[in-house]
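Visitor: Structure file protein-v1.txt (compact mmCIF, C-alpha atoms) is given on the next line.
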# COMPACT_ATOMS: atom_id res chain seq x y z
CA MET A 300 0.00 0.00 0.00
CA GLU A 301 3.03 2.34 -0.09
CA GLN A 302 2.26 3.26 -3.71
CA GLY A 303 -1.31 4.10 -2.72
CA LEU A 304 -0.48 6.32 0.25
CA SER A 305 2.48 8.13 -1.30
CA ASN A 306 0.46 9.15 -4.36
CA ILE A 307 -2.62 10.36 -2.53
CA PRO A 308 -2.92 14.16 -2.33
CA ALA A 309 -3.19 15.81 1.07
CA ARG A 310 -6.95 16.30 0.68
CA GLY A 311 -7.42 12.54 0.18
CA LEU A 312 -5.78 11.31 3.39
CA ASP A 313 -8.97 11.17 5.45
CA LYS A 314 -10.67 8.97 2.85
CA PHE A 315 -7.56 6.76 2.64
CA ILE A 316 -7.75 6.21 6.39
CA GLU A 317 -11.48 5.49 6.25
CA ASP A 318 -11.16 3.03 3.36
CA ASN A 319 -7.97 1.24 4.35
CA LEU A 320 -7.03 1.70 8.02
CA LEU A 321 -10.17 1.74 10.18
CA PRO A 322 -10.89 -1.70 11.64
CA ASP A 323 -13.81 -3.74 10.31
CA THR A 324 -16.76 -3.07 12.62
CA SER A 325 -18.37 -6.51 12.48
CA PHE A 326 -15.05 -8.24 13.08
CA CYS A 327 -14.29 -5.92 16.02
CA ASP A 328 -17.65 -6.75 17.57
CA LYS A 329 -16.88 -10.47 17.39
CA VAL A 330 -13.39 -9.93 18.79
CA ASN A 331 -14.70 -7.83 21.67
CA ALA A 332 -17.31 -10.47 22.51
CA ALA A 333 -14.62 -13.17 22.52
CA ILE A 334 -12.31 -10.96 24.61
CA ASP A 335 -15.01 -10.46 27.24
CA ILE A 336 -15.43 -14.22 27.54
CA ILE A 337 -11.67 -14.80 27.76
CA CYS A 338 -11.24 -12.04 30.35
CA GLU A 339 -13.99 -13.56 32.47
CA PHE A 340 -12.36 -16.98 32.07
CA LEU A 341 -8.94 -15.63 33.14
CA LYS A 342 -10.39 -13.93 36.20
CA GLU A 343 -12.96 -16.44 37.42
CA ARG A 344 -12.07 -19.92 36.13
CA CYS A 345 -8.47 -20.16 34.90
CA PHE A 346 -6.80 -20.84 38.27
CA ARG A 347 -9.69 -22.67 39.91
CA ASP A 348 -7.83 -26.00 39.92
CA ALA A 349 -4.30 -24.63 40.42
CA ALA A 350 -2.05 -26.45 42.90
CA HIS A 351 -1.71 -23.29 45.02
CA PRO A 352 -4.32 -20.57 45.63
CA VAL A 353 -4.19 -17.88 42.95
CA ARG A 354 -6.24 -14.71 43.00
CA VAL A 355 -6.73 -12.48 39.97
CA SER A 356 -7.55 -8.92 41.05
CA LYS A 357 -8.42 -7.71 37.52
CA VAL A 358 -7.80 -8.31 33.81
CA VAL A 359 -7.08 -5.20 31.73
CA LYS A 360 -7.20 -4.94 27.95
CA GLY A 361 -4.29 -2.97 26.51
CA GLY A 362 -2.47 -2.80 23.18
CA SER A 363 -3.83 -0.95 20.16
CA SER A 364 -7.21 -2.66 20.52
CA GLY A 365 -7.61 -1.48 24.11
CA LYS A 366 -6.46 2.05 23.25
CA GLY A 367 -8.73 2.37 20.23
CA THR A 368 -5.92 2.80 17.69
CA GLY A 369 -5.94 -0.61 15.97
CA LEU A 370 -5.33 -0.94 12.25
CA GLN A 371 -7.55 -2.86 9.84
CA GLY A 372 -6.37 -6.46 9.80
CA ARG A 373 -3.42 -5.66 12.06
CA SER A 374 -4.60 -5.14 15.62
CA ASP A 375 -2.88 -6.38 18.73
CA THR A 376 -4.22 -6.77 22.23
CA ASP A 377 -2.52 -7.23 25.56
CA LEU A 378 -4.58 -8.96 28.23
CA VAL A 379 -2.78 -8.10 31.45
CA VAL A 380 -3.68 -10.46 34.28
CA PHE A 381 -3.00 -8.78 37.62
CA LEU A 382 -2.24 -11.30 40.36
CA THR A 383 -2.30 -10.67 44.09
CA ASN A 384 0.32 -13.43 44.37
CA PHE A 385 2.90 -10.90 43.15
CA THR A 386 3.90 -8.59 45.98
CA SER A 387 6.73 -6.72 44.20
CA PHE A 388 8.14 -5.96 40.75
CA GLU A 389 10.86 -8.55 41.38
CA ASP A 390 8.13 -11.12 42.08
CA GLN A 391 6.72 -10.51 38.62
CA LEU A 392 10.09 -11.21 37.04
CA SER A 393 10.88 -14.35 38.98
CA ARG A 394 7.45 -16.02 39.13
CA ARG A 395 5.53 -15.08 35.98
CA GLY A 396 6.72 -18.23 34.14
CA GLU A 397 4.79 -20.58 36.42
CA PHE A 398 1.55 -18.64 35.91
CA ILE A 399 2.03 -18.48 32.13
CA GLN A 400 2.28 -22.26 32.01
CA GLU A 401 -0.94 -22.62 33.98
CA ILE A 402 -2.73 -20.11 31.75
CA LYS A 403 -1.52 -21.96 28.66
CA LYS A 404 -2.83 -25.27 29.95
CA GLN A 405 -6.23 -23.87 30.89
CA LEU A 406 -6.69 -21.59 27.86
CA ARG A 407 -6.69 -24.57 25.51
CA THR A 408 -9.89 -25.77 27.15
CA ILE A 409 -11.78 -22.65 26.05
CA HIS A 410 -11.30 -23.46 22.36
CA GLY A 411 -14.24 -25.84 22.20
CA GLU A 412 -16.75 -23.59 23.94
CA ARG A 413 -19.62 -22.91 21.56
CA HIS A 414 -20.35 -19.37 22.70
CA ILE A 415 -17.01 -18.20 21.22
CA CYS A 416 -17.57 -17.63 17.50
CA MET A 417 -13.83 -17.16 16.87
CA LYS A 418 -11.05 -19.68 16.47
CA VAL A 419 -8.54 -19.61 19.33
CA LYS A 420 -5.00 -20.75 18.56
CA VAL A 421 -2.56 -20.83 21.48
CA GLN A 422 1.09 -20.50 20.52
CA SER A 423 3.94 -22.18 22.35
CA PRO A 424 6.37 -19.75 24.06
CA ARG A 425 9.66 -19.25 22.19
CA TRP A 426 11.79 -18.86 25.31
CA PRO A 427 12.21 -21.01 28.44
CA LYS A 428 11.15 -18.08 30.65
CA PRO A 429 8.56 -16.17 28.58
CA LYS A 430 7.06 -12.87 29.75
CA ALA A 431 3.82 -13.49 27.86
CA LEU A 432 1.62 -16.19 26.36
CA SER A 433 0.59 -15.45 22.78
CA PHE A 434 -2.52 -16.62 20.97
CA LYS A 435 -4.55 -15.58 17.94
CA LEU A 436 -8.23 -15.07 17.33
CA SER A 437 -9.52 -15.51 13.81
CA SER A 438 -12.92 -15.70 12.17
CA PRO A 439 -13.66 -18.64 9.83
CA LYS A 440 -15.60 -16.31 7.51
CA GLN A 441 -13.15 -13.38 7.51
CA GLN A 442 -9.46 -13.06 6.78
CA HIS A 443 -8.73 -10.81 9.76
CA LYS A 444 -6.73 -12.07 12.71
CA VAL A 445 -5.94 -10.48 16.06
CA LYS A 446 -2.81 -11.31 18.00
CA PHE A 447 -3.05 -11.44 21.78
CA ASP A 448 -0.48 -11.51 24.52
CA VAL A 449 -1.51 -12.61 28.01
CA LEU A 450 0.84 -11.08 30.55
CA PRO A 451 0.83 -11.76 34.31
CA ALA A 452 1.61 -8.57 36.23
CA TYR A 453 2.08 -7.11 39.69
CA ASP A 454 -0.99 -5.07 40.69
CA VAL A 455 0.87 -2.03 41.98
CA LEU A 456 -1.94 0.42 41.13
CA GLY A 457 -4.81 -1.48 42.75
CA GLN A 458 -8.32 -0.31 41.93
CA LEU A 459 -7.95 2.97 40.05
CA ASN A 460 -10.10 5.59 41.74
CA TYR A 461 -7.74 8.50 41.35
CA ILE A 462 -6.33 10.68 38.59
CA LYS A 463 -2.68 10.59 39.66
CA PRO A 464 -1.02 7.62 41.40
CA ASP A 465 0.60 8.02 44.81
CA PRO A 466 4.23 9.16 44.23
CA GLN A 467 5.37 6.28 46.44
CA ILE A 468 4.39 3.89 43.63
CA TYR A 469 6.91 5.56 41.33
CA ILE A 470 9.52 5.79 44.05
CA ASP A 471 9.28 2.02 44.54
CA LEU A 472 9.33 1.46 40.76
CA ILE A 473 12.45 3.58 40.26
CA SER A 474 14.20 2.01 43.24
CA GLU A 475 13.55 -1.58 42.12
CA CYS A 476 14.26 -0.89 38.45
CA THR A 477 17.62 0.72 39.13
CA SER A 478 18.68 -1.96 41.63
CA LEU A 479 17.65 -4.78 39.26
CA GLY A 480 18.88 -3.04 36.10
CA LYS A 481 15.40 -3.47 34.60
CA GLU A 482 14.30 0.04 33.67
CA GLY A 483 11.28 0.00 31.39
CA LYS A 484 10.60 -3.70 32.03
CA PHE A 485 7.47 -3.20 34.15
CA SER A 486 5.35 -1.10 31.83
CA THR A 487 2.63 -3.78 31.88
CA CYS A 488 1.94 -2.84 35.50
CA PHE A 489 0.80 0.56 34.23
CA THR A 490 -1.35 -0.68 31.33
CA GLU A 491 -4.46 1.06 32.66
CA LEU A 492 -2.71 4.43 32.68
CA GLN A 493 -1.27 3.89 29.20
CA ARG A 494 -4.72 2.95 27.92
CA ASN A 495 -6.41 5.90 29.61
CA PHE A 496 -3.78 8.27 28.21
CA LEU A 497 -4.92 7.44 24.66
CA LYS A 498 -8.44 6.05 24.91
CA GLN A 499 -10.28 9.33 25.53
CA ARG A 500 -8.51 11.22 22.75
CA PRO A 501 -10.55 12.63 19.83
CA PRO A 502 -11.38 10.20 16.99
CA LYS A 503 -9.49 12.40 14.50
CA LEU A 504 -6.28 12.08 16.51
CA LYS A 505 -6.71 8.30 16.66
CA SER A 506 -7.07 8.32 12.88
CA LEU A 507 -3.82 10.28 12.59
CA ILE A 508 -2.16 7.74 14.88
CA ARG A 509 -3.38 4.96 12.58
CA LEU A 510 -1.92 6.77 9.57
CA VAL A 511 1.46 7.20 11.27
CA LYS A 512 1.45 3.55 12.34
CA HIS A 513 0.65 2.49 8.78
CA TRP A 514 3.51 4.62 7.47
CA TYR A 515 5.80 3.09 10.09
CA GLN A 516 4.82 -0.43 9.00
CA LEU A 517 5.55 0.46 5.36
CA CYS A 518 9.01 1.64 6.38
CA LYS A 519 9.56 -1.50 8.41
CA GLU A 520 8.58 -3.77 5.52
CA LYS A 521 10.79 -1.85 3.10
CA LEU A 522 13.94 -1.54 5.23
CA ARG A 523 13.75 -4.89 7.08
CA LYS A 524 16.10 -3.50 9.70
CA PRO A 525 15.48 -2.44 13.33
CA LEU A 526 13.49 0.78 13.74
CA PRO A 527 12.46 2.68 16.88
CA PRO A 528 9.50 1.13 18.75
CA GLN A 529 6.13 1.87 17.18
CA TYR A 530 4.93 3.18 20.55
CA ALA A 531 7.49 5.99 20.25
CA LEU A 532 5.77 7.11 17.03
CA VAL A 533 2.36 6.95 18.72
CA LEU A 534 3.54 9.20 21.54
CA LEU A 535 5.28 11.51 19.09
CA THR A 536 1.97 11.89 17.26
CA VAL A 537 0.14 12.76 20.49
CA TYR A 538 2.83 15.30 21.34
CA ALA A 539 2.67 16.91 17.87
CA TRP A 540 -1.11 17.25 18.13
CA GLU A 541 -1.05 18.64 21.66
CA ARG A 542 1.53 21.29 20.88
CA GLY A 543 0.42 22.01 17.32
CA SER A 544 -3.37 21.82 17.44
CA GLY A 545 -5.11 20.45 20.51
CA ALA A 546 -8.44 20.65 18.67
CA PRO A 547 -10.83 17.75 17.97
CA GLU A 548 -10.81 18.64 14.25
CA PHE A 549 -7.70 19.46 12.22
CA LYS A 550 -6.10 18.89 8.82
CA THR A 551 -4.68 15.37 8.72
CA ALA A 552 -1.89 16.28 6.30
CA GLN A 553 -0.63 18.97 8.67
CA GLY A 554 -0.43 16.54 11.56
CA PHE A 555 1.17 13.82 9.44
CA GLN A 556 3.79 16.21 8.09
CA THR A 557 4.56 17.55 11.58
CA VAL A 558 5.20 14.04 12.90
CA LEU A 559 7.56 13.21 10.02
CA GLU A 560 9.43 16.48 10.52
CA LEU A 561 9.89 15.61 14.20
CA VAL A 562 11.25 12.22 13.12
CA THR A 563 13.86 13.97 10.97
CA ASN A 564 14.83 16.01 14.06
CA TYR A 565 15.12 12.92 16.26
CA ARG A 566 18.45 14.03 17.73
CA GLN A 567 16.63 16.85 19.55
CA LEU A 568 13.72 14.84 20.94
CA ARG A 569 13.26 15.19 24.65
CA ILE A 570 9.59 14.60 25.44
CA TYR A 571 7.66 13.66 28.57
CA TRP A 572 4.32 14.24 30.27
CA THR A 573 3.45 15.13 33.86
CA GLU A 574 -0.03 13.61 33.88
CA TYR A 575 0.79 10.67 36.15
CA TYR A 576 4.18 11.61 37.63
CA ASP A 577 5.95 14.95 37.99
CA PHE A 578 8.80 16.85 39.62
CA GLN A 579 7.09 17.59 42.95
CA HIS A 580 8.86 14.79 44.86
CA GLN A 581 12.64 15.18 45.09
CA TYR A 582 13.51 11.51 44.52
CA ILE A 583 11.36 11.31 41.38
CA SER A 584 12.58 14.72 40.20
CA ASP A 585 16.23 13.70 40.52
CA TYR A 586 15.57 10.54 38.53
CA LEU A 587 13.69 12.40 35.80
CA HIS A 588 16.54 14.86 35.41
CA ARG A 589 18.92 11.94 34.89
CA GLN A 590 16.56 10.43 32.32
CA LEU A 591 16.31 13.70 30.43
CA ARG A 592 20.05 14.14 29.93
CA SER A 593 20.15 11.93 26.86
CA ARG A 594 18.63 12.27 23.43
CA PRO A 595 16.43 11.10 21.86
CA VAL A 596 14.15 10.56 24.85
CA ILE A 597 10.40 10.01 24.88
CA LEU A 598 9.31 8.89 28.33
CA ASP A 599 6.36 6.57 28.65
CA PRO A 600 3.68 8.86 30.17
CA ALA A 601 2.76 6.11 32.64
CA ASP A 602 6.28 4.79 33.40
CA PRO A 603 9.19 7.23 33.92
CA THR A 604 11.73 4.38 33.69
CA GLY A 605 10.69 3.64 30.11
CA ASN A 606 12.46 5.74 27.47
CA VAL A 607 10.70 4.36 24.40
CA ALA A 608 12.95 6.38 22.08
CA GLY A 609 16.30 5.32 23.52
CA GLY A 610 18.79 2.63 22.79
CA LYS A 611 19.64 2.63 19.08
CA PRO A 612 20.22 5.98 17.31
CA GLU A 613 20.93 4.15 14.05
CA ALA A 614 17.31 2.95 14.09
CA TRP A 615 16.13 6.56 14.23
CA GLN A 616 18.57 7.47 11.47
CA ARG A 617 16.98 4.89 9.16
CA LEU A 618 13.48 6.12 9.91
CA ALA A 619 14.53 9.76 9.52
CA GLY A 620 15.88 8.97 6.06
CA GLU A 621 12.51 7.56 5.04
CA ALA A 622 10.68 10.54 6.54
CA THR A 623 12.88 12.97 4.57
CA ALA A 624 12.05 11.17 1.31
CA TRP A 625 8.33 11.01 2.08
CA LEU A 626 8.05 14.74 2.76
CA ASP A 627 8.37 15.33 -1.01
CA TYR A 628 5.48 12.99 -1.86
CA PRO A 629 2.05 14.17 -3.12
CA CYS A 630 0.39 13.38 0.24
CA PHE A 631 2.00 16.58 1.54
CA LYS A 632 1.00 18.77 -1.42
CA ASN A 633 -1.99 21.11 -1.76
CA ARG A 634 -4.17 21.38 -4.86
CA ASP A 635 -1.93 24.11 -6.32
CA GLY A 636 1.21 22.02 -5.79
CA SER A 637 2.42 24.01 -2.80
CA ARG A 638 3.62 22.19 0.27
CA VAL A 639 1.32 21.69 3.24
CA ARG A 640 2.21 23.87 6.20
CA SER A 641 3.11 21.84 9.26
CA TRP A 642 2.07 22.80 12.77
CA ASP A 643 4.35 25.10 14.71
CA VAL A 644 5.74 22.53 17.11
CA PRO A 645 8.99 23.70 18.72
CA ALA A 646 12.15 21.63 18.61
CA GLU A 647 13.32 23.39 21.77
CA ALA A 648 11.40 24.33 24.87
CA GLU A 649 11.76 24.41 28.65
CA LYS A 650 15.00 23.19 30.19
CA PRO A 651 14.62 20.41 32.80
CA GLN A 652 15.47 22.66 35.75
CA GLU A 653 12.52 24.90 34.84
CA CYS A 654 10.01 22.07 34.67
CA VAL A 655 8.67 22.20 38.25
CA LEU A 656 7.54 25.80 37.84
CA ALA A 657 6.19 25.12 34.35
CA ALA A 658 4.14 22.17 35.56
CA GLN A 659 2.63 24.25 38.37
CA GLN A 660 1.72 27.14 36.10
CA HIS A 661 0.59 25.19 33.05
CA GLN A 662 -3.05 25.63 32.02
CA PRO A 663 -4.50 23.60 29.12
CA ARG A 664 -5.05 25.74 26.05
CA LYS A 665 -7.95 23.69 24.77
CA LEU A 666 -10.42 21.08 25.87
CA TRP A 667 -8.26 18.14 24.71
CA SER A 668 -4.78 19.44 25.60
CA ARG A 669 -2.56 17.83 28.22
CA ASP A 670 0.24 19.03 30.49
CA VAL A 671 3.16 18.21 28.20
CA LEU A 672 6.68 19.57 28.12
CA PHE A 673 9.29 19.17 25.40
CA CYS A 674 12.65 19.67 27.05
CA CYS A 675 15.89 20.46 25.30
CA ARG A 676 19.59 20.39 25.90
CA PRO A 677 20.56 23.14 28.39
What is this file in structure tokens?
Guide:
Amino acid sequence: MEQGLSNIPARGLDKFIEDNLLPDTSFCDKVNAAIDIICEFLKERCFRDAAHPVRVSKVVKGGSSGKGTGLQGRSDTDLVVFLTNFTSFEDQLSRRGEFIQEIKKQLRTIHGERHICMKVKVQSPRWPKPKALSFKLSSPKQQHKVKFDVLPAYDVLGQLNYIKPDPQIYIDLISECTSLGKEGKFSTCFTELQRNFLKQRPPKLKSLIRLVKHWYQLCKEKLRKPLPPQYALVLLTVYAWERGSGAPEFKTAQGFQTVLELVTNYRQLRIYWTEYYDFQHQYISDYLHRQLRSRPVILDPADPTGNVAGGKPEAWQRLAGEATAWLDYPCFKNRDGSRVRSWDVPAEAEKPQECVLAAQQHQPRKLWSRDVLFCCRP
């Protein structure tokens, strides 16, 4: 579909998304019905005959399906099973394998249940100590398939009845991650926050996210080499919209072009949000300042230990090369042949040491905006 997207004029992007990227409604309804049954099974029946007592506090749907940003024929879903048997992040690391094996054994029994109109195929874990159990749902009458990962997790958040978690949760996370050398490895514990961060966004922004994800997949198929995580592109799209528009309705081509321009400036990226954690507690503030020294950095809005943009600058370089080439394509041209104007999203903003004051004084510009800062090298 690269040929199709690259040749579509800017005014045709919304129709391209509608025709090619929005998930099939009838298939989604069947998937959601099957998911509800599987979630109930995981919570109420899966561990009923386990050798030791196991209590599931909740099952949370994450991934693109849970966040409402799935692509047609290419959705993924994380079913995070929160267990009271885990009492720490380290527990999750050391004991999740035994629970995955039990889930695998029990999940096979659900395949023959008549009230599931989808085919369930459980896949064997690739590694001796897997972090997830994968399976696929498919419809006999449709070609679409949905990939699922079932992940046991430590229920550090409990029952969410607050907007911002207790800072002690993040203090414990940072302390355990740094002592174990496992920064960014416990993002599943914060699935609800990640989902909430995206789920209530305007439909138009979710469509832009789908377009960026589709473009990313085209680049991945073409290059066949490691690229930055797709989640980094999702967050970059949210950031571009928040700083450039913040409105429920906007021109898709402007948003798309802004995201690709930010990709070409990846060496300057230093992005984070203060929706769930901030600089008010000294221990967290000190850690955030350390995180923000490097570039590129895009911190997971729910997990300050997860820099989803870090690790491999050569991966960003490859993607930036593709973005540079794409910016000359017709999808960024107006009717008269002129180039679409991107949003005015700064490549430099507040320095980290100014962030506490900025977070206190920040007021959302529009109904959908969020408290977001884009920090730059001092």
Visitor: If I take CA of Trp615 (chain A) and CA of Lys498 (chain A), how far is one from the other in Å, to one decimal?
Guide: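 So the answer is 26.8 Å.
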Visitor: If you measure from CA of Pro501 (chain A) to CA of Thr536 (chain A), what distance in Å do you get, rounded to one decimal?
Guide: 12.8 Å
Visitor: Considering all atoms listed in the file, can you say which of A:Leu370, A:Leu321, A:Leu312, A:Cys338 comes closest to Gln516 (chain A)?
Guide: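 Comparing A:Leu370, A:Leu321, A:Leu312, A:Cys338 against Gln516 (chain A), the winner is A:Leu370.
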Visitor: Just the number, please: distance in Å from CA of Leu392 (chain A) to CA of Ser474 (chain A), one decimal.
Guide: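 CA of Leu392 (chain A) sits 15.2 Å away from CA of Ser474 (chain A).
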Visitor: Contacts of region 459-469 of chain A at 10 Å or less, counting only C-alpha atoms, minus same-chain residues fewer than 4 places along, as a ChimeraX atom specification?
Guide: /A:455,473-475,491-492,573-577,579-580,582-583,601-604
Visitor: Quick one: everything within 12 Å of Arg373 (chain A), counting all atoms listed in the file, minus sequence neighbours fewer than 5 positions away in the same chain. Send it as a PyMOL selection string.
Guide: chain A and resi 319-323+326-327+362-364+368+435-437+442-447+509+512-513+516
Visitor: Would you pick out the contacts of Val558 (chain A) at 8 Å or less, using only C-alpha atoms, so that residues sharing its chain but fewer than 4 positions from it are not included, and give the list as a ChimeraX atom specification?
Guide: /A:511,535-536,539,554,562
Visitor: Nearest to Val358 (chain A) among A:Ala614, A:Val449, A:Val330, A:Leu406, with distances taken over all atoms listed in the file: which residue is it?
Guide: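 Among the listed residues, A:Val449 lies closest to Val358 (chain A).
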Visitor: Please list as a ChimeraX atom specification every residue within 9 Å of Arg395 (chain A), counting all atoms listed in the file and excluding residues in the same chain fewer than 2 positions away.
Guide: /A:385,390-393,397-400,428-431,450-452
Visitor: Closest to Gly365 (chain A) among A:Lys524, A:Gly620, A:Leu497, A:Ala349, using all atoms listed in the file?
Guide: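 Closest to Gly365 (chain A), using all atoms listed in the file: A:Leu497.
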Visitor: Using all atoms listed in the file, which residues sit within 9 Å of region 301-310 of chain A once same-chain residues fewer than 6 positions away are excluded, as a list of chain:residue names?
Guide: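 Non-adjacent residues within range: A:Trp514, A:Leu517, A:Cys518, A:Lys550, A:Thr551, A:Ala552, A:Gln553, A:Trp625, A:Tyr628, A:Pro629, A:Cys630, A:Phe631, A:Lys632, A:Asn633, A:Arg634, A:Val639.
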Visitor: From the list A:Asp377, A:Asp335, A:Asp313, A:Asp454, which residue is nearest Ser356 (chain A) when using all atoms listed in the file?
Guide: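 Looking only at the distances to Ser356 (chain A), the closest residue turns out to be A:Asp454.
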Visitor: Closest to Ala531 (chain A) among A:Phe434, A:Phe388, A:Tyr571, A:Phe346, using only C-alpha atoms?
Guide: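 Counting only C-alpha atoms, the residue closest to Ala531 (chain A) is A:Tyr571.
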